[in-house]
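Here's the structure, in structure tokens; my notes come after.
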Amino acid sequence: MIIKQSKPCLIIKNLKPLSKSLHKPFFHFLLIVIVGALAYSNTFNAPFVFDDERYIISNPAITTPRFFINILKLETIIMNEQVKHFFHTRFITFFTFMLNYQLHGLDVTGYHVVNLAIHIINALLVYWLVVLTFKTPFFNFHPSSLIPHLLIALFSALLFVSHPIQTQAVTYITQRFTSLATLFYLLSLVMYVKFRTQNTEHKVQNTDKRQKIFSLSSVFWYLTSVLSAVLAMKTKEIAFTLPIIIVLYEIFFFSKSQNSETSSSMQNPPIPPLTKGGKGGFSCITRHAGLSDRQASRFLYFLFFLLTMLIIPLSLIGVNDRIDKLTEDLNEITKSGTSMSRWDYLFTQFRVIVTYVRLLFFPVNQNLDYDYPIYNSFLNPNVFLSFLFLLSIFGLGVYLFYYSKNPPSSPFYKGGIKGDQASPNSLTITHHALRIMAFGIFFFFITLSVESSIIPIEDIIFEHRLYLPSIGLIIAFVSAVFCFSPYLSSFNLQPSSFLSRHALRITVLLLTTSVIVLAIATYQRNSVWQDVFRLCEDMVKKSPKKARTHNNVGLAYYLKGETDKAIEHFQIALSLNPYYVPAHNNLYIAYTAKGWIKEGLQHFYIAQSLKPHR
């Protein structure tokens with residue numbers, strides 16, 4: 001069955017009854033805030049855990065603003081080398097920790113309030129990004145009412161704010177590194193899109209000439225975007241991909257494509273290239289000149305963003321004082337006594353990324369500290385099949401981008417996802433959606449590349465690393481659901497008039513149900529963070545053979561005053577990995593506390609001998 005011209009009108013008809021309640025941005029903002037607040041309402045008293053000790057509780061740098069004026073003084077007060085390193089490279093996050101400390105000391109509630117506020121702002125930025133995307137030139141060639149863009153923006157933001165995979169980046173206070181970097185990342189991208197949508201070519205009335213409009217507001221958007229990019233680079237290294245995403249966005253939504261020109265010609269007849277008096281020749285010359293000007297303008301737009309990519313390498317040089325330190329650990333790292341090359345890390349990341357995708361669609365068995373195997377061969381079946389799976393997703397993104405430029409006439413005879421070629425509107429609905437889905441897929445892989453590529457990181461997998469990349473897949477998924485659901489009945493030999501009439505209502509109902517389920521799952525996951533022992537038990541249950549897990553449990557018992565139980569877990573950790581230095585150090589401290597000086601010194605000397613090899 002071929003889709004008829006009335007199909008797009010059906011979408012408009014279904015949108016009208018929902019417009020009073022679901023098409024008001026203020027209502028959307030309020031709903032996003034409420035859902036986020038409810039999902040994390042049980043986190044405000046969650047205690048400091050694990051890395052919070054060295055980055056916040058025992059970090060003297062956040063106790064006074066003077067260290068943010070004269071960073072050189074840090075060398076004398078910060079003993080932990082990793083904290084000292086991150087203070088230079090992630091300066092902005094430590095500055096927010098300092099503000100928290102100045103306001104309420106070590107009262108944990110204030111830190112959680114700030115983390116939740118950052119998370120909700122990120123969700124609002126996701127909403128704004130989607131709304132602005134539908135205002136780019138790529139979407140100016142068809143009636144915007146045919147695509148429920150506000151609903152796509154709303155549910156993209158709701159799925160993001162309610163998804164339990166985000167709990168580690170929000171509830172774990174130290175992971176403000178990730179959520180705050182994402183805030184500046186999204187803010188920079190949104191401000192750039194806002195700048196570009198204002199600074200577009202405007203046709204001069206009654207002429208074929210075009211001029212660029214530069215206003216004070218557009219300059220403000222651009223400078224805010226560049227400043228946000230700088231702040232993101234000094235918040236966490238994941239911001240390194242921001243200029244790449246901005247260039248990609250420009251290509252996807254601001255470059256003239258064959259499809260856009262085709263769509264434009266459907267609604268506005270083209271001006272003849274040649275007219276009397278030779279004007280046509282002049283018009284051709286100015287058209288080529290305009291193209292050159294556009295390319296030069298784009299380069300200037302990108303220039304400052306590309307320069308911000310130097311911030312992270314220069315920060316590393318400033319910390320290590322020598323350029324060769326930048327690549328010191330690029331080839332090989334030591335993970336808990338096990339050597340792991342960059343190729344082993346890459347092969348393992350193929351499996352890790354598949355796990356990330358699974359967690360996005362089926363967020364079960366979440367774990368703060370995964371006991372993940374290291375893969376040493378690309379030909380390992382798990383690695384190779386994972387590579388093929390990821391390649392198929394990336395290939396789908398390429399396919400969607402290509403066909404958004406050159407949509408086929410009818411890929412499926414019986415209705416198909418593109419509809420009848422004779423119905424231009426039915427074509428534009430799908431091919432514009434394809435472009436958003438393709439961008440979301442590319443966004444996922446590019447933003448994940450910093451921590452899941454060939455540069456080894458000691459920890460193979462962490463859920464907070466999915467915080468920023470998840471935005472791409474969520475937007476792609478929601479766009480696909482809204483833009484293809486009206487065509488479900490087209491694949492049936494006996495189309496259901498009920499599905500046709502109520503496709504949008506059913507879609508909204510299913511997505512609303514998904515948001516509710518995810519919000520409940522987030523609330524339940526956050527309940528694990530309310531007590532450090534409950535969190536430790538959850539880790540031991542899911543990673544019983546990991547040394548670091550038992551070491552963390554032992555540390556929790558020691559801080560509680562139960563030294564014997566602490567020693568028991570430290571010993572389990574060393575039985576699993578005799579080279580695990582933190583367990584040796586902790587046993588030295590625990591034995592000394594019990595007065596067992598001789599036994600404690602043995603572990604102290606072992607720890608000292610192992611440190612140079614880590």
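Please note that chains go A, B, ... in the order of the structure tokens, that every chain numbers its residues from 1, and that ligands are numbered from 1 in the order shown.
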Skip stretch 239-256 of chain A itself and residues of its chain fewer than 5 positions away, then list as an NGL selection string all residues within 8 Å of it, counting only C-alpha atoms. :A and (133 or 136-138 or 181-182 or 185 or 189 or 192 or 229 or 232-233 or 261 or 302 or 305-306 or 308-309 or 312 or 435 or 439 or 443 or 446-447 or 450)
For the residues in that selection, give me C-alpha atoms as a short mmCIF file (atom, residue, chain, number, x, y, z; two decimals), in the first residue's frame.
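Now in result-v7.cif:
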data_model
loop_
_atom_site.label_atom_id
_atom_site.label_comp_id
_atom_site.auth_asym_id
_atom_site.auth_seq_id
_atom_site.Cartn_x
_atom_site.Cartn_y
_atom_site.Cartn_z
CA THR A 133 18.30 22.45 15.48
CA THR A 136 18.56 25.78 11.24
CA PRO A 137 18.50 26.32 7.45
CA PHE A 138 18.27 22.58 6.84
CA ALA A 181 32.23 19.74 31.63
CA THR A 182 29.07 18.57 29.86
CA TYR A 185 30.15 21.65 26.34
CA LEU A 189 27.30 24.22 21.23
CA TYR A 192 27.09 28.58 18.58
CA ALA A 229 34.47 26.14 25.22
CA ALA A 232 34.87 23.19 29.28
CA MET A 233 38.50 22.53 28.35
CA GLU A 261 17.93 22.75 -2.68
CA PHE A 302 35.82 27.70 13.59
CA PHE A 305 37.18 26.90 18.65
CA LEU A 306 40.05 25.03 17.00
CA THR A 308 40.80 26.00 22.25
CA MET A 309 41.94 22.44 21.45
CA ILE A 312 44.38 20.66 27.20
CA ARG A 435 19.78 13.90 9.46
CA PHE A 439 24.12 13.45 13.92
CA PHE A 443 27.89 12.60 18.42
CA ILE A 446 33.00 11.23 18.77
CA THR A 447 32.34 12.31 22.35
CA VAL A 450 38.49 10.57 24.33
#
Determine which residues of stretch 45-222 of chain A receive a DSSP assignment of strand (DSSP E or B), computed from the backbone, and state them as a short mmCIF file (atom, residue, chain, number, x, y, z; two decimals) with all heavy atoms, in the first residue's frame.
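Just written: selection-v6.cif:
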data_model
loop_
_atom_site.label_atom_id
_atom_site.label_comp_id
_atom_site.auth_asym_id
_atom_site.auth_seq_id
_atom_site.Cartn_x
_atom_site.Cartn_y
_atom_site.Cartn_z
N GLU A 201 22.26 34.15 6.11
CA GLU A 201 22.11 35.05 4.97
C GLU A 201 20.65 35.46 4.82
O GLU A 201 19.75 34.63 4.85
CB GLU A 201 22.59 34.35 3.70
CG GLU A 201 24.09 34.15 3.66
CD GLU A 201 24.53 33.56 2.35
OE1 GLU A 201 23.68 33.04 1.62
OE2 GLU A 201 25.72 33.64 2.05
N HIS A 202 20.42 36.76 4.70
CA HIS A 202 19.08 37.28 4.54
C HIS A 202 18.96 37.87 3.14
O HIS A 202 19.79 38.67 2.71
CB HIS A 202 18.78 38.35 5.58
CG HIS A 202 18.73 37.81 6.97
ND1 HIS A 202 17.56 37.46 7.58
CD2 HIS A 202 19.72 37.56 7.87
CE1 HIS A 202 17.82 37.02 8.80
NE2 HIS A 202 19.13 37.06 9.00
N LYS A 203 17.91 37.48 2.47
CA LYS A 203 17.71 37.97 1.12
C LYS A 203 17.18 39.40 1.15
O LYS A 203 16.23 39.71 1.88
CB LYS A 203 16.71 37.07 0.39
CG LYS A 203 16.56 37.41 -1.09
CD LYS A 203 15.67 36.38 -1.78
CE LYS A 203 15.53 36.70 -3.25
NZ LYS A 203 14.67 35.72 -3.94
N ARG A 210 22.18 38.88 -1.45
CA ARG A 210 22.04 38.46 -0.06
C ARG A 210 23.08 39.18 0.78
O ARG A 210 24.17 39.49 0.32
CB ARG A 210 22.22 36.94 0.08
CG ARG A 210 21.08 36.16 -0.54
CD ARG A 210 21.33 34.67 -0.46
NE ARG A 210 20.24 33.92 -1.05
CZ ARG A 210 19.20 33.44 -0.38
NH1 ARG A 210 19.13 33.65 0.92
NH2 ARG A 210 18.25 32.78 -0.98
N GLN A 211 22.75 39.46 2.01
CA GLN A 211 23.70 40.12 2.89
C GLN A 211 23.69 39.42 4.24
O GLN A 211 22.73 38.78 4.63
CB GLN A 211 23.33 41.59 3.08
CG GLN A 211 21.98 41.81 3.77
CD GLN A 211 21.66 43.28 3.91
OE1 GLN A 211 22.36 44.12 3.37
NE2 GLN A 211 20.60 43.58 4.65
N LYS A 212 24.81 39.54 4.96
CA LYS A 212 24.92 38.93 6.28
C LYS A 212 24.61 39.98 7.34
O LYS A 212 25.03 41.12 7.24
CB LYS A 212 26.32 38.36 6.49
CG LYS A 212 26.57 37.12 5.64
CD LYS A 212 27.92 36.52 5.99
CE LYS A 212 28.20 35.30 5.15
NZ LYS A 212 27.24 34.22 5.42
#
Would you mind listing what lies within 9 Å of stretch 453-465 of chain A as a PyMOL selection string, with only C-alpha atoms counted and same-chain residues fewer than 3 positions away left out? chain A and resi 165-170+175+178-179+238+329-336+340-350+352-353+356+359+366-374+448-450+468-469
Saved selection, atoms kept: N, CA and C atoms, as a short mmCIF file (atom, residue, chain, number, x, y, z; two decimals), in the first residue's frame:
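Final file, part-v6.cif:
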data_model
loop_
_atom_site.label_atom_id
_atom_site.label_comp_id
_atom_site.auth_asym_id
_atom_site.auth_seq_id
_atom_site.Cartn_x
_atom_site.Cartn_y
_atom_site.Cartn_z
N ILE A 165 21.53 5.68 34.21
CA ILE A 165 22.95 5.61 33.87
C ILE A 165 23.66 6.90 34.27
N GLN A 166 22.89 7.98 34.47
CA GLN A 166 23.49 9.27 34.83
C GLN A 166 23.78 9.40 36.32
N THR A 167 23.34 8.44 37.13
CA THR A 167 23.45 8.58 38.58
C THR A 167 24.90 8.72 39.03
N GLN A 168 25.81 8.02 38.40
CA GLN A 168 27.20 8.09 38.83
C GLN A 168 27.78 9.48 38.60
N ALA A 169 27.38 10.14 37.53
CA ALA A 169 27.89 11.48 37.23
C ALA A 169 27.21 12.55 38.08
N VAL A 170 26.07 12.23 38.69
CA VAL A 170 25.31 13.21 39.46
C VAL A 170 25.43 12.96 40.96
N GLN A 175 32.34 13.28 40.61
CA GLN A 175 32.11 13.25 39.17
C GLN A 175 31.42 14.49 38.64
N THR A 178 32.64 15.51 35.28
CA THR A 178 31.96 15.11 34.05
C THR A 178 30.73 15.96 33.78
N SER A 179 29.87 16.10 34.77
CA SER A 179 28.60 16.82 34.54
C SER A 179 28.84 18.30 34.26
N ILE A 238 37.29 15.58 28.37
CA ILE A 238 36.30 15.14 27.38
C ILE A 238 35.88 16.29 26.47
N ASP A 329 52.90 7.75 28.91
CA ASP A 329 52.12 6.55 29.21
C ASP A 329 51.18 6.18 28.07
N LEU A 330 51.46 6.67 26.86
CA LEU A 330 50.55 6.42 25.75
C LEU A 330 50.61 4.98 25.28
N ASN A 331 51.78 4.35 25.34
CA ASN A 331 51.92 3.00 24.82
C ASN A 331 51.49 1.93 25.81
N GLU A 332 51.69 2.18 27.10
CA GLU A 332 51.43 1.12 28.06
C GLU A 332 51.17 1.69 29.44
N ILE A 333 50.23 1.10 30.14
CA ILE A 333 49.99 1.46 31.53
C ILE A 333 49.97 0.19 32.35
N THR A 334 50.00 0.36 33.66
CA THR A 334 49.93 -0.79 34.55
C THR A 334 48.64 -0.71 35.31
N LYS A 335 47.79 -1.68 35.14
CA LYS A 335 46.50 -1.69 35.80
C LYS A 335 46.51 -2.79 36.85
N SER A 336 46.63 -2.39 38.11
CA SER A 336 46.61 -3.33 39.22
C SER A 336 47.63 -4.44 39.02
N MET A 340 49.00 -3.42 30.30
CA MET A 340 47.97 -3.30 29.28
C MET A 340 48.44 -2.31 28.22
N SER A 341 48.64 -2.79 27.01
CA SER A 341 49.09 -1.93 25.93
C SER A 341 47.91 -1.12 25.39
N ARG A 342 48.22 -0.15 24.56
CA ARG A 342 47.14 0.66 24.00
C ARG A 342 46.26 -0.16 23.06
N TRP A 343 46.82 -1.19 22.40
CA TRP A 343 46.01 -2.04 21.54
C TRP A 343 45.10 -2.93 22.37
N ASP A 344 45.60 -3.43 23.50
CA ASP A 344 44.73 -4.20 24.39
C ASP A 344 43.58 -3.32 24.89
N TYR A 345 43.91 -2.07 25.19
CA TYR A 345 42.87 -1.15 25.66
C TYR A 345 41.83 -0.91 24.58
N LEU A 346 42.28 -0.74 23.33
CA LEU A 346 41.35 -0.51 22.22
C LEU A 346 40.45 -1.72 22.01
N PHE A 347 41.03 -2.92 22.00
CA PHE A 347 40.23 -4.13 21.81
C PHE A 347 39.20 -4.27 22.93
N THR A 348 39.63 -3.95 24.14
CA THR A 348 38.71 -4.05 25.28
C THR A 348 37.59 -3.02 25.18
N GLN A 349 37.93 -1.84 24.65
CA GLN A 349 36.92 -0.79 24.53
C GLN A 349 35.82 -1.15 23.54
N PHE A 350 36.11 -2.00 22.55
CA PHE A 350 35.04 -2.45 21.67
C PHE A 350 33.95 -3.14 22.48
N VAL A 352 33.54 -2.70 25.77
CA VAL A 352 33.03 -1.73 26.74
C VAL A 352 31.93 -0.87 26.11
N ILE A 353 32.14 -0.42 24.88
CA ILE A 353 31.16 0.44 24.22
C ILE A 353 29.85 -0.31 24.00
N TYR A 356 28.12 -0.12 27.12
CA TYR A 356 27.50 1.20 27.26
C TYR A 356 26.16 1.26 26.51
N LEU A 359 23.59 -0.62 28.43
CA LEU A 359 23.15 0.10 29.61
C LEU A 359 22.19 1.24 29.26
N GLN A 366 23.73 -2.19 37.24
CA GLN A 366 24.71 -1.09 37.28
C GLN A 366 25.70 -1.32 38.41
N ASN A 367 26.90 -0.85 38.20
CA ASN A 367 27.97 -1.11 39.15
C ASN A 367 28.94 0.08 39.16
N LEU A 368 29.34 0.48 40.36
CA LEU A 368 30.30 1.58 40.45
C LEU A 368 31.69 1.14 40.02
N ASP A 369 32.03 -0.13 40.26
CA ASP A 369 33.39 -0.61 39.99
C ASP A 369 33.32 -1.96 39.29
N TYR A 370 33.23 -1.94 37.96
CA TYR A 370 33.10 -3.17 37.17
C TYR A 370 34.40 -3.98 37.22
N ASP A 371 34.25 -5.28 37.28
CA ASP A 371 35.40 -6.20 37.14
C ASP A 371 35.40 -6.67 35.70
N TYR A 372 36.02 -5.87 34.83
CA TYR A 372 35.91 -6.08 33.39
C TYR A 372 37.16 -6.78 32.85
N PRO A 373 37.01 -7.83 32.05
CA PRO A 373 38.18 -8.54 31.51
C PRO A 373 38.91 -7.71 30.46
N ILE A 374 40.21 -7.93 30.35
CA ILE A 374 41.04 -7.29 29.33
C ILE A 374 41.20 -8.25 28.15
N LEU A 448 32.67 9.94 22.82
CA LEU A 448 33.17 8.80 23.60
C LEU A 448 34.63 8.49 23.29
N SER A 449 35.14 9.05 22.19
CA SER A 449 36.47 8.67 21.70
C SER A 449 37.60 9.08 22.64
N VAL A 450 37.41 10.11 23.45
CA VAL A 450 38.49 10.57 24.33
C VAL A 450 38.85 9.50 25.35
N LEU A 468 27.96 12.36 28.74
CA LEU A 468 27.90 13.23 27.56
C LEU A 468 27.52 12.46 26.29
N PRO A 469 28.16 11.32 25.97
CA PRO A 469 27.80 10.60 24.73
C PRO A 469 26.35 10.15 24.67
#
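Between atom CA of A:Phe29 and atom CA of A:Leu124 lies a distance of 6.9 Å.
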Tell me, as an MDAnalysis selection string, which residues lie within 10 Å of A:Asn45, counting only C-alpha atoms; anything in the same chain fewer than 6 positions away does not count. chainID A and resid 107:112 529:531
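When atom CA of A:Lys135 is paired with atom CA of A:Leu300, their separation reads 22.3 Å.
Going from atom CA of A:Lys541 to atom CA of A:Asn586 covers 21.8 Å.
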Return as a PyMOL selection string the full set of residues in stretch 14-126 of chain A whose backbone-based DSSP assignment is helix (DSSP H, G or I). chain A and resi 14-22+25-39+52-57+60-63+65-68+71-77+81-89+91-104+108-126
